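A.B. asks: Below is the file coords-v3.tsv, with TSV, C-alpha atoms (C1' of nucleotides).
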chain	number	residue	atom	x	y	z
A	191	MET	CA	92.78	51.28	33.86
A	192	ASP	CA	89.56	53.18	34.60
A	193	GLN	CA	89.74	56.97	34.23
A	194	SER	CA	87.99	57.83	37.49
A	195	GLN	CA	90.38	55.57	39.38
A	196	LEU	CA	93.25	57.22	37.54
A	197	LEU	CA	92.02	60.66	38.58
A	198	ARG	CA	91.71	59.50	42.17
A	199	GLN	CA	95.38	58.57	42.11
A	200	LEU	CA	96.47	61.75	40.38
A	201	LEU	CA	94.56	64.19	42.59
A	202	PRO	CA	96.71	63.93	45.74
A	203	VAL	CA	99.84	64.75	43.77
A	204	PHE	CA	98.45	68.12	42.68
A	205	ARG	CA	96.89	68.72	46.10
A	206	GLU	CA	100.18	68.31	47.96
A	207	GLN	CA	102.71	69.41	45.36
A	208	GLY	CA	100.80	72.21	43.63
A	209	TYR	CA	100.65	72.52	39.87
A	210	GLU	CA	104.34	73.18	39.20
A	211	GLY	CA	105.45	70.60	41.74
A	212	ALA	CA	103.33	67.86	40.21
A	213	THR	CA	105.80	66.52	37.65
A	214	LEU	CA	104.96	63.84	35.13
A	215	ASN	CA	107.38	61.51	36.90
A	216	LYS	CA	105.46	61.88	40.17
A	217	LEU	CA	102.11	61.63	38.41
A	218	ALA	CA	103.14	58.48	36.58
A	219	ALA	CA	104.56	56.97	39.77
A	220	ALA	CA	101.27	57.66	41.58
A	221	THR	CA	99.37	55.67	38.99
A	222	GLY	CA	101.89	52.90	38.47
A	223	LEU	CA	101.92	53.68	34.75
A	224	GLY	CA	104.74	54.94	32.59
A	225	LYS	CA	104.83	58.60	31.63
A	226	ALA	CA	103.90	57.85	28.03
A	227	SER	CA	100.81	55.92	29.11
A	228	LEU	CA	99.37	59.02	30.72
A	229	TYR	CA	99.27	60.61	27.29
A	230	HIS	CA	96.97	57.86	26.09
A	231	HIS	CA	94.41	58.83	28.76
A	232	PHE	CA	95.10	62.57	28.65
A	233	PRO	CA	96.41	63.58	25.19
A	234	GLY	CA	96.74	67.18	26.43
A	235	GLY	CA	99.32	66.09	28.97
A	236	LYS	CA	99.78	67.72	32.36
A	237	ALA	CA	97.62	70.73	31.52
A	238	GLU	CA	94.68	68.48	30.64
A	239	ILE	CA	95.10	66.39	33.78
A	240	ALA	CA	95.08	69.52	35.92
A	241	ALA	CA	92.07	71.01	34.12
A	242	THR	CA	90.16	67.75	34.51
A	243	LEU	CA	90.99	67.49	38.21
A	244	LEU	CA	89.96	71.11	38.75
A	245	ARG	CA	86.64	70.49	37.02
A	246	HIS	CA	86.04	67.39	39.12
A	247	ALA	CA	86.97	69.16	42.35
A	248	VAL	CA	84.55	71.99	41.63
A	249	ALA	CA	81.82	69.47	40.85
A	250	ARG	CA	82.60	67.52	44.01
A	251	LEU	CA	82.57	70.59	46.24
A	252	GLU	CA	79.34	71.65	44.58
A	253	LYS	CA	77.77	68.23	45.15
A	254	LEU	CA	78.99	67.59	48.70
A	255	ALA	CA	78.51	71.10	50.06
A	256	PHE	CA	76.90	73.86	48.01
A	257	SER	CA	74.11	71.76	46.47
A	258	ARG	CA	72.78	71.24	50.00
A	259	LEU	CA	71.89	74.93	50.09
A	260	ARG	CA	69.41	74.35	47.27
A	261	LYS	CA	67.64	71.43	48.95
A	262	GLY	CA	64.51	71.52	51.10
A	263	GLY	CA	64.26	72.07	54.84
A	264	SER	CA	64.90	75.12	56.94
A	265	ALA	CA	67.68	77.51	55.99
A	266	THR	CA	69.52	76.65	59.19
A	267	LYS	CA	69.35	72.95	58.41
A	268	ARG	CA	70.67	73.60	54.92
A	269	LEU	CA	73.56	75.67	56.27
A	270	GLU	CA	74.46	72.91	58.71
A	271	GLU	CA	74.51	70.35	55.94
A	272	PHE	CA	76.62	72.68	53.83
A	273	VAL	CA	79.22	72.92	56.57
A	274	ASP	CA	79.23	69.16	57.06
A	275	GLY	CA	79.60	68.74	53.31
A	276	PHE	CA	82.62	71.03	53.23
A	277	SER	CA	84.14	69.05	56.05
A	278	ALA	CA	83.59	65.84	54.13
A	279	TYR	CA	85.11	67.40	50.99
A	280	THR	CA	88.34	68.10	52.90
A	281	GLU	CA	88.37	64.68	54.60
A	282	HIS	CA	87.71	66.52	57.85
A	283	GLY	CA	90.59	68.92	57.43
A	284	THR	CA	93.24	66.39	56.51
A	285	SER	CA	93.18	67.00	52.78
A	286	PRO	CA	93.91	70.39	51.18
A	287	CYS	CA	91.53	71.78	48.54
A	288	VAL	CA	93.08	71.43	45.09
A	289	ILE	CA	91.18	74.51	43.92
A	290	ALA	CA	93.02	76.55	46.53
A	291	ALA	CA	96.26	74.75	45.68
A	292	PHE	CA	95.90	76.18	42.16
A	293	SER	CA	96.03	79.77	43.44
A	294	GLN	CA	99.73	79.98	42.56
A	295	GLY	CA	101.84	80.16	39.44
A	296	SER	CA	100.72	79.15	35.99
A	297	ALA	CA	97.66	77.27	37.26
A	298	TRP	CA	96.32	80.53	38.68
A	299	GLN	CA	97.19	82.38	35.50
A	300	LEU	CA	95.24	79.77	33.51
A	301	HIS	CA	92.28	79.10	35.81
A	302	GLY	CA	92.21	82.02	38.26
A	303	ASP	CA	89.44	83.91	36.52
A	304	ASN	CA	87.20	80.85	36.32
A	305	ILE	CA	87.87	79.96	39.95
A	306	ALA	CA	87.14	83.50	41.13
A	307	GLN	CA	83.88	83.55	39.20
A	308	GLN	CA	82.86	80.18	40.64
A	309	PHE	CA	83.53	81.39	44.18
A	310	ARG	CA	81.50	84.53	43.62
A	311	VAL	CA	78.58	82.38	42.45
A	312	TRP	CA	78.96	80.11	45.47
A	313	ASN	CA	79.19	83.10	47.79
A	314	GLY	CA	75.99	84.48	46.30
A	315	LEU	CA	74.20	81.18	46.88
A	316	LEU	CA	75.42	81.16	50.46
A	317	ALA	CA	74.25	84.75	50.97
A	318	ALA	CA	70.82	83.90	49.59
A	319	THR	CA	70.55	81.14	52.17
A	320	PHE	CA	71.41	83.52	54.99
A	321	GLU	CA	68.68	85.79	53.66
A	322	ALA	CA	66.27	82.86	53.71
A	323	ALA	CA	67.30	82.44	57.34
A	324	GLY	CA	65.93	85.92	58.00
A	325	GLN	CA	68.93	88.19	57.61
A	326	LYS	CA	68.93	91.42	55.65
A	327	PRO	CA	70.82	91.41	52.33
A	328	LYS	CA	73.90	93.30	53.49
A	329	ARG	CA	74.32	91.23	56.61
A	330	ALA	CA	73.65	88.02	54.70
A	331	GLN	CA	76.45	88.93	52.30
A	332	ARG	CA	78.80	89.53	55.22
A	333	GLU	CA	77.93	86.29	56.97
A	334	ALA	CA	78.27	84.30	53.76
A	335	SER	CA	81.82	85.36	53.07
A	336	THR	CA	82.65	85.10	56.78
A	337	LEU	CA	81.50	81.49	56.83
A	338	LEU	CA	83.38	80.58	53.67
A	339	GLY	CA	86.46	82.35	55.00
A	340	GLN	CA	86.26	80.46	58.28
A	341	LEU	CA	86.09	77.13	56.51
A	342	TYR	CA	89.08	77.82	54.28
A	343	GLY	CA	90.91	79.43	57.17
A	344	GLU	CA	90.53	76.42	59.44
A	345	LEU	CA	91.57	74.16	56.59
A	346	GLN	CA	94.72	76.16	55.95
A	347	LEU	CA	95.49	76.55	59.64
A	348	SER	CA	95.16	72.83	60.27
A	349	ARG	CA	97.91	72.35	57.70
A	350	LEU	CA	100.10	75.25	58.85
A	351	GLN	CA	99.87	74.08	62.46
A	352	GLY	CA	100.16	70.42	61.62
A	353	GLU	CA	97.16	69.70	63.83
A	354	PRO	CA	94.20	68.43	61.83
A	355	ARG	CA	92.42	67.44	65.04
A	356	ASN	CA	91.41	71.04	65.59
A	357	PHE	CA	89.45	71.06	62.37
A	358	ARG	CA	86.63	68.83	63.57
A	359	ARG	CA	86.20	70.95	66.69
A	360	SER	CA	86.09	74.11	64.59
A	361	ILE	CA	83.39	72.62	62.40
A	362	LYS	CA	81.28	71.96	65.49
A	363	ARG	CA	81.79	75.52	66.70
A	364	ILE	CA	81.01	77.00	63.29
A	365	LYS	CA	77.75	75.06	63.11
A	366	LYS	CA	76.73	76.33	66.54
A	367	GLN	CA	77.17	79.92	65.41
A	368	LEU	CA	74.79	79.58	62.48
A	369	PRO	CA	71.52	81.55	62.72
A	370	ALA	CA	68.95	79.75	64.86
A	371	ALA	CA	66.20	77.82	63.10
B	1397	MET	CA	122.95	95.98	44.95
B	1398	ASP	CA	121.83	95.98	48.58
B	1399	GLN	CA	120.67	92.61	49.96
B	1400	SER	CA	117.49	93.87	51.61
B	1401	GLN	CA	116.43	95.57	48.39
B	1402	LEU	CA	117.24	92.35	46.56
B	1403	LEU	CA	115.03	90.37	48.94
B	1404	ARG	CA	112.23	92.86	48.46
B	1405	GLN	CA	112.35	92.19	44.73
B	1406	LEU	CA	112.60	88.42	45.13
B	1407	LEU	CA	109.76	88.01	47.62
B	1408	PRO	CA	106.80	88.61	45.29
B	1409	VAL	CA	108.03	85.93	42.91
B	1410	PHE	CA	107.82	83.25	45.60
B	1411	ARG	CA	104.58	84.70	46.96
B	1412	GLU	CA	102.77	84.47	43.62
B	1413	GLN	CA	104.53	81.55	41.96
B	1414	GLY	CA	105.16	79.30	44.95
B	1415	TYR	CA	108.49	77.62	45.54
B	1416	GLU	CA	108.52	75.36	42.48
B	1417	GLY	CA	107.14	78.08	40.22
B	1418	ALA	CA	109.79	80.57	41.24
B	1419	THR	CA	112.46	79.72	38.68
B	1420	LEU	CA	115.90	81.31	38.61
B	1421	ASN	CA	114.98	82.99	35.34
B	1422	LYS	CA	112.00	84.72	36.95
B	1423	LEU	CA	113.99	85.54	40.08
B	1424	ALA	CA	116.82	87.03	38.05
B	1425	ALA	CA	114.38	89.00	35.90
B	1426	ALA	CA	112.71	90.42	39.02
B	1427	THR	CA	116.04	91.81	40.23
B	1428	GLY	CA	117.39	92.92	36.87
B	1429	LEU	CA	120.49	90.79	37.48
B	1430	GLY	CA	121.74	87.80	35.56
B	1431	LYS	CA	121.17	84.33	36.98
B	1432	ALA	CA	124.82	83.88	37.86
B	1433	SER	CA	124.86	87.12	39.85
B	1434	LEU	CA	122.25	85.75	42.24
B	1435	TYR	CA	124.79	83.10	43.26
B	1436	HIS	CA	127.15	85.85	44.39
B	1437	HIS	CA	124.54	87.10	46.87
B	1438	PHE	CA	123.11	83.66	47.70
B	1439	PRO	CA	125.76	80.93	47.22
B	1440	GLY	CA	123.19	78.31	48.21
B	1441	GLY	CA	121.07	79.21	45.19
B	1442	LYS	CA	117.28	79.01	45.12
B	1443	ALA	CA	117.05	77.02	48.35
B	1444	GLU	CA	118.99	79.69	50.24
B	1445	ILE	CA	116.92	82.50	48.76
B	1446	ALA	CA	113.73	80.75	49.83
B	1447	ALA	CA	115.02	79.98	53.31
B	1448	THR	CA	116.11	83.60	53.75
B	1449	LEU	CA	112.76	84.94	52.58
B	1450	LEU	CA	110.93	82.54	54.89
B	1451	ARG	CA	113.03	83.68	57.84
B	1452	HIS	CA	112.38	87.32	56.98
B	1453	ALA	CA	108.64	86.74	56.53
B	1454	VAL	CA	108.39	85.05	59.94
B	1455	ALA	CA	110.33	87.93	61.51
B	1456	ARG	CA	108.14	90.48	59.76
B	1457	LEU	CA	104.88	88.81	60.81
B	1458	GLU	CA	106.25	88.54	64.33
B	1459	LYS	CA	107.19	92.22	64.36
B	1460	LEU	CA	104.11	93.68	62.69
B	1461	ALA	CA	101.52	91.47	64.38
B	1462	PHE	CA	102.44	89.01	67.12
B	1463	SER	CA	104.90	91.24	68.98
B	1464	ARG	CA	101.98	93.59	69.69
B	1465	LEU	CA	100.52	90.91	71.94
B	1466	ARG	CA	103.52	91.25	74.24
B	1467	LYS	CA	103.27	95.03	74.56
B	1468	GLY	CA	101.52	97.02	77.29
B	1469	GLY	CA	97.91	98.14	77.39
B	1470	SER	CA	94.72	96.19	77.82
B	1471	ALA	CA	94.43	92.72	76.29
B	1472	THR	CA	91.69	93.97	73.99
B	1473	LYS	CA	93.87	96.80	72.76
B	1474	ARG	CA	96.72	94.38	72.11
B	1475	LEU	CA	94.43	92.05	70.17
B	1476	GLU	CA	93.21	94.96	68.05
B	1477	GLU	CA	96.75	95.98	67.24
B	1478	PHE	CA	97.59	92.39	66.40
B	1479	VAL	CA	94.77	92.25	63.87
B	1480	ASP	CA	95.81	95.55	62.35
B	1481	GLY	CA	99.38	94.30	62.18
B	1482	PHE	CA	98.30	91.17	60.33
B	1483	SER	CA	96.36	93.32	57.90
B	1484	ALA	CA	99.44	95.46	57.32
B	1485	TYR	CA	101.57	92.33	56.81
B	1486	THR	CA	99.30	91.23	53.96
B	1487	GLU	CA	99.08	94.73	52.45
B	1488	HIS	CA	95.42	94.73	53.49
B	1489	GLY	CA	94.62	91.45	51.83
B	1490	THR	CA	96.26	92.15	48.50
B	1491	SER	CA	99.44	90.19	49.10
B	1492	PRO	CA	99.51	86.45	49.90
B	1493	CYS	CA	101.57	85.21	52.84
B	1494	VAL	CA	104.74	83.54	51.60
B	1495	ILE	CA	104.76	81.26	54.64
B	1496	ALA	CA	101.42	79.86	53.54
B	1497	ALA	CA	102.65	79.76	49.94
B	1498	PHE	CA	105.33	77.33	51.13
B	1499	SER	CA	102.74	74.80	52.30
B	1500	GLN	CA	103.16	72.82	49.07
B	1501	GLY	CA	105.77	70.62	47.48
B	1502	SER	CA	109.43	70.55	48.41
B	1503	ALA	CA	109.25	73.81	50.36
B	1504	TRP	CA	106.78	72.18	52.75
B	1505	GLN	CA	108.90	69.06	52.95
B	1506	LEU	CA	111.90	71.21	53.89
B	1507	HIS	CA	110.29	73.81	56.13
B	1508	GLY	CA	106.91	72.38	57.14
B	1509	ASP	CA	107.98	71.21	60.58
B	1510	ASN	CA	109.55	74.57	61.43
B	1511	ILE	CA	106.53	76.46	60.16
B	1512	ALA	CA	104.11	74.28	62.10
B	1513	GLN	CA	106.13	74.75	65.28
B	1514	GLN	CA	106.21	78.52	64.77
B	1515	PHE	CA	102.45	78.65	64.33
B	1516	ARG	CA	101.88	76.60	67.45
B	1517	VAL	CA	104.02	79.08	69.40
B	1518	TRP	CA	102.14	82.00	67.90
B	1519	ASN	CA	98.81	80.33	68.64
B	1520	GLY	CA	99.89	79.87	72.25
B	1521	LEU	CA	100.80	83.53	72.55
B	1522	LEU	CA	97.44	84.47	71.11
B	1523	ALA	CA	95.64	82.16	73.53
B	1524	ALA	CA	97.52	83.68	76.47
B	1525	THR	CA	96.28	87.08	75.42
B	1526	PHE	CA	92.68	85.87	75.31
B	1527	GLU	CA	93.23	84.53	78.81
B	1528	ALA	CA	94.51	87.93	79.87
B	1529	ALA	CA	91.27	89.30	78.45
B	1530	GLY	CA	89.43	87.20	81.01
B	1531	GLN	CA	88.66	83.99	79.19
B	1532	LYS	CA	89.14	80.53	80.62
B	1533	PRO	CA	92.05	78.49	79.17
B	1534	LYS	CA	90.00	76.17	76.98
B	1535	ARG	CA	87.92	78.96	75.51
B	1536	ALA	CA	91.00	81.13	75.05
B	1537	GLN	CA	92.61	78.34	73.05
B	1538	ARG	CA	89.53	78.07	70.88
B	1539	GLU	CA	89.26	81.78	70.26
B	1540	ALA	CA	92.94	82.04	69.44
B	1541	SER	CA	92.87	79.49	66.66
B	1542	THR	CA	89.52	80.85	65.48
B	1543	LEU	CA	90.99	84.33	65.12
B	1544	LEU	CA	94.08	83.10	63.31
B	1545	GLY	CA	91.92	80.94	61.08
B	1546	GLN	CA	89.66	83.87	60.24
B	1547	LEU	CA	92.61	86.02	59.24
B	1548	TYR	CA	94.15	83.40	56.97
B	1549	GLY	CA	90.72	82.47	55.66
B	1550	GLU	CA	89.84	86.01	54.65
B	1551	LEU	CA	93.27	86.35	53.05
B	1552	GLN	CA	92.81	83.21	51.00
B	1553	LEU	CA	89.22	84.03	50.13
B	1554	SER	CA	90.12	87.49	48.92
B	1555	ARG	CA	92.45	85.81	46.44
B	1556	LEU	CA	90.07	82.99	45.48
B	1557	GLN	CA	87.24	85.45	44.91
B	1558	GLY	CA	89.42	88.06	43.28
B	1559	GLU	CA	87.94	90.69	45.55
B	1560	PRO	CA	90.50	92.13	47.94
B	1561	ARG	CA	88.10	94.92	48.90
B	1562	ASN	CA	86.24	92.53	51.19
B	1563	PHE	CA	89.36	92.03	53.28
B	1564	ARG	CA	89.36	95.48	54.90
B	1565	ARG	CA	85.70	95.10	55.84
B	1566	SER	CA	86.40	91.69	57.34
B	1567	ILE	CA	89.22	93.15	59.43
B	1568	LYS	CA	86.81	95.73	60.85
B	1569	ARG	CA	84.28	93.05	61.67
B	1570	ILE	CA	86.86	90.79	63.26
B	1571	LYS	CA	88.05	93.61	65.49
B	1572	LYS	CA	84.50	94.30	66.63
B	1573	GLN	CA	84.09	90.70	67.73
B	1574	LEU	CA	87.11	90.77	70.04
B	1575	PRO	CA	86.39	90.50	73.78
B	1576	ALA	CA	85.30	93.84	75.23
B	1577	ALA	CA	87.90	95.88	77.11
C	212	DG	C1'	129.92	92.21	41.40
C	213	DT	C1'	128.13	91.24	37.02
C	214	DC	C1'	128.45	89.07	32.93
C	215	DT	C1'	128.43	85.11	28.93
C	216	DA	C1'	128.65	80.49	28.19
C	217	DT	C1'	127.70	76.07	29.36
C	218	DA	C1'	127.46	71.79	32.12
C	219	DG	C1'	124.41	68.19	33.83
C	220	DA	C1'	119.90	66.98	35.41
C	221	DT	C1'	115.09	67.06	34.84
C	222	DC	C1'	111.17	68.87	32.59
C	223	DG	C1'	106.94	67.99	29.40
C	224	DA	C1'	106.06	65.59	25.38
C	225	DT	C1'	106.55	62.26	21.28
C	226	DA	C1'	107.89	58.08	18.30
C	227	DG	C1'	107.29	53.62	17.54
C	228	DA	C1'	107.55	48.59	19.04
C	229	DC	C1'	104.60	45.24	21.14
D	1308	DG	C1'	96.89	50.26	26.33
D	1309	DT	C1'	101.52	50.08	27.99
D	1310	DC	C1'	106.13	50.11	27.25
D	1311	DT	C1'	111.36	51.85	26.12
D	1312	DA	C1'	113.87	55.27	24.12
D	1313	DT	C1'	114.56	59.76	23.08
D	1314	DC	C1'	113.73	64.65	21.70
D	1315	DG	C1'	114.13	69.66	22.56
D	1316	DA	C1'	113.32	72.91	26.16
D	1317	DT	C1'	114.07	74.41	30.60
D	1318	DC	C1'	115.85	73.79	35.10
D	1319	DT	C1'	119.59	74.65	38.82
D	1320	DA	C1'	124.15	75.49	39.19
D	1321	DT	C1'	129.10	76.42	37.85
D	1322	DA	C1'	133.32	78.17	35.26
D	1323	DG	C1'	135.78	81.82	34.11
D	1324	DA	C1'	136.36	86.49	31.72
D	1325	DC	C1'	136.05	91.32	32.85
Will you turn the file into structure tokens for me?
C.D. replies:
Amino acid sequence: MDQSQLLRQLLPVFREQGYEGATLNKLAAATGLGKASLYHHFPGGKAEIAATLLRHAVARLEKLAFSRLRKGGSATKRLEEFVDGFSAYTEHGTSPCVIAAFSQGSAWQLHGDNIAQQFRVWNGLLAATFEAAGQKPKRAQREASTLLGQLYGELQLSRLQGEPRNFRRSIKRIKKQLPAA
Amino acid sequence: MDQSQLLRQLLPVFREQGYEGATLNKLAAATGLGKASLYHHFPGGKAEIAATLLRHAVARLEKLAFSRLRKGGSATKRLEEFVDGFSAYTEHGTSPCVIAAFSQGSAWQLHGDNIAQQFRVWNGLLAATFEAAGQKPKRAQREASTLLGQLYGELQLSRLQGEPRNFRRSIKRIKKQLPAA
DNA sequence: GTCTATAGATCGATAGAC
DNA sequence: GTCTATCGATCTATAGAC
């Protein structure tokens, strides 16, 4: 069994159940393996699986969304691609963010500081892009965290309301409100 | 021990640990009682405690925030008071919403449908208020879910970034963007 | 109403055969 | 590399004394 395929099967369990809810029985069932076999691939057990998935999720969100802000093209174009990338990362609002799912319990105690630092870096990158789009530093800061908040808000709301269809519409609206090119 | 004081001590455990992370040991420790004593106050055990807290949280969010939309005054004024009420509900961004904390694992399986229905009702009430502020139905719907999304987004982001100071500023900004009176 | 003690199930993790 | 079997800890919940 290939490790990246294994991780793909393990991820949804943590995403939907949270860290404490993702028991080894559920994780093993999701992979089709026995519990003991998971320890061959992840000797550190559940904690190592979670840490690996968190690392991969950060890398994936970086690659699909935030890395676009560092590419060429106009700042507006980069911001649009960032928003589209975030939408892709969440499967267009149908799939919760496992990083956010780790904001509770022992996962947050273990990884909260790292996650917070990562988000501050990302927010800074986003603010720099708003500056490149012509906004003054203070306003760029505000718009950056507003945009990030909107994205996570729509993601959470689409789950709380049980209506993921709204997410795609919100993405369109959010892109329209970006600074003009 | 008074039940409402008991609930006040139990709530933060579920808010920060989630449903699965809130063990009876932690719940008992938060109240100063022994585990067995909790079963005197809540014969249904952990599930009953959680269901009671969820009911109370919905009632509290209704009272502090959404009920303001049904009061007198201009639609803009009502929307402003709604936003302030939501801010108060979250202790100005420092305290996660337990309803949202139940969007994982067995709590979501048990209460997800009820929560989703409640949010759709609330969203409808919010949209009606935007209509009263002069917006056409489709736009009012959009603005309603945008506003709710912004509030939950800023709440989540203030936790993910570890910077609850931003929340108060965001509330100010959100209020400024409401339809003019 | 609160406690100690404990039952019975499930947890994360390990041993060892194949 | 995957399995069965099992360990010790922890979980939710209950029994029964005070």
A.B. asks: Pull out every residue of chain B that has at least one atom within 8 Å of chain A, counting all atoms listed in the file, and report them as a VMD selection string.
C.D. replies: chain B and resid 1412 to 1414 1416 to 1417 1496 to 1497 1499 to 1502 1508 to 1509 1511 to 1513 1515 to 1516 1542 1544 to 1550 1552 to 1553 1555 to 1558 1566
A.B. asks: Around (70.3, 79.9, 53.5) in the file's own coordinates, what residues are found within 7 Å if you use all atoms listed in the file, given back as a list in words?
C.D. replies: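 Residues found, by chain and rising number: Leu259, Ala265, Thr266, Arg268, Leu269, Leu316, Ala317, Ala318, Thr319, Phe320, Glu321, Ala322 and Ala323 of chain A.
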A.B. asks: Got a sec to pull out which chain D residues are within 12 Å of chain B, counting all atoms listed in the file, and send them as a list in words?
C.D. replies: DT1317, DC1318, DT1319, DA1320, DT1321, DA1322 and DG1323 of chain D
A.B. asks: Can you check which residues of chain C have any atom within 9 Å of chain A? Use only C-alpha atoms (C1' of nucleotides) and format it as a ChimeraX atom specification.
C.D. replies: /C:222-225
A.B. asks: Using Å and a single decimal, report how far atom CA of Leu223 of chain A sits from atom C1' of DC1310 of chain D.
C.D. replies: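 Atom-to-atom, atom C1' of DC1310 of chain D to atom CA of Leu223 of chain A, that is 9.3 Å.
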A.B. asks: Of the residues A:Gln325, A:Gln199, A:Ser194, A:Ser257, which is the one nearest to Gly222 of chain A, using all atoms listed in the file?
C.D. replies: A:Gln199
A.B. asks: For DG227 of chain C, find every residue with an atom within 10 Å (counting all atoms listed in the file), except residues of its own chain fewer than 2 positions away, and show them as a ChimeraX atom specification.
C.D. replies: /C:225,229 /D:1311-1312
A.B. asks: Using Å and a single decimal, report how far atom CA of Lys216 of chain A sits from atom CA of Leu197 of chain A.
C.D. replies: 13.6 Å
A.B. asks: If you take every atom of segment 213-221 of chain C that the file lists and fit an axis-aligned box around them with 6 Å extra on each side, what centre and edge lengths come out in Å to one decimal, as lines of an AutoDock Vina configuration file?
C.D. replies:
center_x = 121.9
center_y = 79.1
center_z = 32.6
size_x = 25.6
size_y = 36.3
size_z = 20.8
A.B. asks: For Leu200 of chain A, work out the shell of residues within 7 Å, counting all atoms listed in the file and skipping chain neighbours fewer than 6 positions away, then give it as number ranges by chain.
C.D. replies: A: 217, 220-221
A.B. asks: Please write the residues from the selection above to a file, keeping C-alpha atoms, as a JSON list (two decimals), keeping the file's coordinate frame.
C.D. replies:
[["chain", "number", "residue", "atom", "x", "y", "z"],
["A", 217, "LEU", "CA", 102.11, 61.63, 38.41],
["A", 220, "ALA", "CA", 101.27, 57.66, 41.58],
["A", 221, "THR", "CA", 99.37, 55.67, 38.99]]
A.B. asks: Quote the spacing between atom CA of His301 of chain A and atom CA of Val1494 of chain B in Å to one decimal place.
C.D. replies: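 Distance reported for this atom pair: 20.6 Å.
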